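Peer 1: What follows is a single structure, and I will ask about it in a moment.
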Amino acid sequence: MKIRMLSASDIGAALPMSRAIELMRGVFSQLAAGKAEVPLRGRLYSEKGVTLLMPAYLQESQAMAVKLVSIYNHNAELGLPTVTATLLVLDPQTGLPQAFMEAHHLTAIRTGATGGLSADLLARKEARAVALFGAGVQARAHLEAIGVVRDVERVLIYDPVRKAADTLADEIMRRPDPPEVVIAATPKEAVSAADIVVTATTAKTPVFDGNDLRPGTHVIAIGSFSPDVQEVDATTVYRSLVVADSREACLAEAGDLIECGADVDAEIGEIINKTHPGRTSDEQITYFKTVGIAAQDAAAAAEVLKVAKEKGLGQVVDLT
Ligand SMILES: NC(=O)c1ccc[n+]([C@@H]2O[C@H](COP(=O)([O-])OP(=O)(O)OC[C@H]3O[C@@H](n4cnc5c(N)ncnc54)[C@H](O)[C@@H]3O)[C@@H](O)[C@H]2O)c1
């Protein structure tokens, strides 16, 4: 029994953002059409942290995988990463393991790609200014993905850790033909000048006041994945067309929605499949909430494995 081992750099080489966005379009289309098997993620607690178990099977993509994400905050004191992720690809015909890969980078790409897909479907065509709340891994992935679907001319960064904001601003400004970059002094300064707002933070309470959103803004919220964590306030949710990656997952896990008792207007797959119209006016505020679902990982990992085989990436280990 042979298995391919793939590192973060193999994944980067195999999965460009534009391809990842198209893969996510297929994932959410299948999910909304009932062609994806995605049990709610399991949570395995120990005294020190929690491990999330995320299995999925996609019928049309013929992709099957299980991702494990461990969140162990005390690891920081040990000089170890606080979040680690790995993924096992299974052959849907036989159940045999096919590949084992690093999945933190895979998660960054598939999550950014999903945010970019939401911008493609829901942001106004002329959206040019992007506000990033949080200047971490996901902010970077989202900016890259939004850049695939819109011409980004201005980036506003808000992060209470000034060094994080400065580092990201420097990175963006070193790119060829960079957008204008502003480090916002307050959340209001960022939100009130944005066409697209991304919240990619570790905050437990709302990061901006929904009254400051301009009409027509698209909000992409990715941080909250527990009922007691509210990254986006009730005002934003009440002012918006609420779109979810998965209705079931968001109503079970997203504190943004649970804390204010809000419902989901549409799944993103319903907009892709044209069973929901999505944005209906330039003044409408749209809010896309994603808690992340294993189907994204399964599809992304299957593509990585396909390209890795073609390009000879990674190392093949015989387990027998
Ligand atoms: N929805 C999904 O599919 C998905 C996938 C991966 C990660 N996530 C979640 O997204 C969040 C961000 O992940 P990451 O890997 O970018 O983390 P990260 O640690 O790399 O970056 C988070 C940043 O948020 C900043 N921050 C904290 N409070 C803030 C506030 N009030 N306003 C603005 N910035 C603030 C931190 O200073 C940090 O720079 C995490 O909560 C993570 O669990 C969601």
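In the structure tokens, chains take the letters A, B, ... in the order shown, each chain's residues start at 1, and ligands count up from 1 in the order shown.
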Could I get the residue neighbourhood of ligand 1 at 6 Å, counting only C-alpha atoms and all ligand atoms, as a ChimeraX atom specification?

Peer 2: /A:107,111,133-139,158-161,164,200-203,207,222-224,290-292

Peer 1: Fewer than 2 positions away in the same chain doesn't count, so skip those; otherwise give me all residues within 10 Å of Ile109 in chain A, counting only C-alpha atoms, as an MDAnalysis selection string.

Peer 2: chainID A and resid 11:12 15:17 20:21 103:107 111:115 137:138 140:142 144:145 296:297 300

Peer 1: Give me, as a ChimeraX atom specification, all polymer residues having an atom no more than 8 Å from Arg25 in chain A, counting only C-alpha atoms and skipping those fewer than 6 positions away in the same chain.

Peer 2: /A:114,117,269,272

Peer 1: Considering only C-alpha atoms, state which residue in the set A:Asn273, A:Ala184, A:Arg41, A:Val149 is at the smallest distance from Asp166 in chain A.

Peer 2: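 The shortest atom-to-atom distance to Asp166 in chain A comes from A:Ala184.
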
Peer 1: Would you mind listing what lies within 10 Å of Tyr45 in chain A as a PyMOL selection string, with only C-alpha atoms counted and same-chain residues fewer than 5 positions away left out?

Peer 2: chain A and resi 50-52+70-71

Peer 1: Extract, using only C-alpha atoms, all DNA, RNA and protein residues at most 7 Å from range 167-169 of chain A, discarding same-chain residues fewer than 4 positions from it, and format them as a ChimeraX atom specification.

Peer 2: /A:135,163,173,181

Peer 1: Give me a file of those residues, with N, CA and C atoms, as a compact mmCIF listing (two decimals), in the first residue's frame.

Peer 2:
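Written file, selection_6.txt:
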```txt
# COMPACT_ATOMS: atom_id res chain seq x y z
N ALA A 135 -4.19 40.77 10.45
CA ALA A 135 -3.10 40.82 9.45
C ALA A 135 -2.32 39.53 9.50
N LYS A 163 2.69 45.68 14.89
CA LYS A 163 3.77 45.05 14.13
C LYS A 163 3.21 44.14 13.02
N MET A 173 3.33 46.24 -0.21
CA MET A 173 3.95 47.35 -0.96
C MET A 173 5.18 46.91 -1.74
N VAL A 181 -1.78 51.28 0.29
CA VAL A 181 -1.99 50.58 1.56
C VAL A 181 -2.10 51.60 2.70
```

Peer 1: Considering only C-alpha atoms, return as a list in words whatever protein or nucleic-acid residues lie within 12 Å of Pro277 in chain A, sequence-local ones (same chain, fewer than 2 positions apart) excluded.

Peer 2: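 Selected residues are Leu121, Leu122, Leu241, Val243, Asp265, Ala266, Glu267, Ile268, Gly269, Glu270, Ile271, Ile272, Asn273, Lys274, Thr275, Arg279, Thr280 and Ser281 of chain A.
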
Peer 1: Which residue is closest to Ala108 in chain A? Choose from A:Ser192, A:Leu213, A:Arg175, A:Ala8 and count only C-alpha atoms.

Peer 2: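 Of A:Ser192, A:Leu213, A:Arg175, A:Ala8, the one nearest Ala108 in chain A is A:Ala8, counting only C-alpha atoms.
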
Peer 1: Let me make sure I understand: among A:Asp91, A:Asp177, A:Glu189, A:Glu77, which one has the smallest atom-to-atom distance to Tyr57 in chain A if we use only C-alpha atoms?

Peer 2: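 Among A:Asp91, A:Asp177, A:Glu189, A:Glu77, it is A:Asp91 that comes nearest to Tyr57 in chain A.
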
Peer 1: From a DSSP calculation on the backbone, collect every residue of range 138-316 of chain A in alpha helix (DSSP H) and output the set as a ChimeraX atom specification.

Peer 2: /A:138-149,162-173,187-191,234-239,247-253,255-258,268-272,294-311

Peer 1: Let me make sure I understand: among A:Ala65, A:Ala221, A:Leu88, A:Ala99, which one has the smallest atom-to-atom distance to Ala131 in chain A if we use only C-alpha atoms?

Peer 2: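 When distances to Ala131 in chain A are compared using only C-alpha atoms, the smallest one comes from A:Ala221.
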
Peer 1: Rounded to one decimal, what separation in Å do you get between CA of Ala194 in chain A and CA of Val148 in chain A?

Peer 2: 17.6 Å

Peer 1: So what do you get for CA of Asp10 in chain A versus CA of Ala295 in chain A, distance-wise?

Peer 2: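 CA of Ala295 in chain A lies at a distance of 20.4 Å from CA of Asp10 in chain A.
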
Peer 1: Run DSSP on the backbone and give me the residues of range 59-307 of chain A it puts in strand (DSSP E), as a VMD selection string.

Peer 2: chain A and resid 63 to 71 83 to 90 97 to 102 129 to 133 154 to 158 180 to 183 196 to 199 218 to 221 240 to 244 266 to 267 285 to 289

Peer 1: With distances taken over only C-alpha atoms, which of A:Glu37, A:Glu47, A:Asp195, A:Asp233 is nearest to Ile146 in chain A?

Peer 2: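 Closest to Ile146 in chain A, using only C-alpha atoms: A:Asp195.
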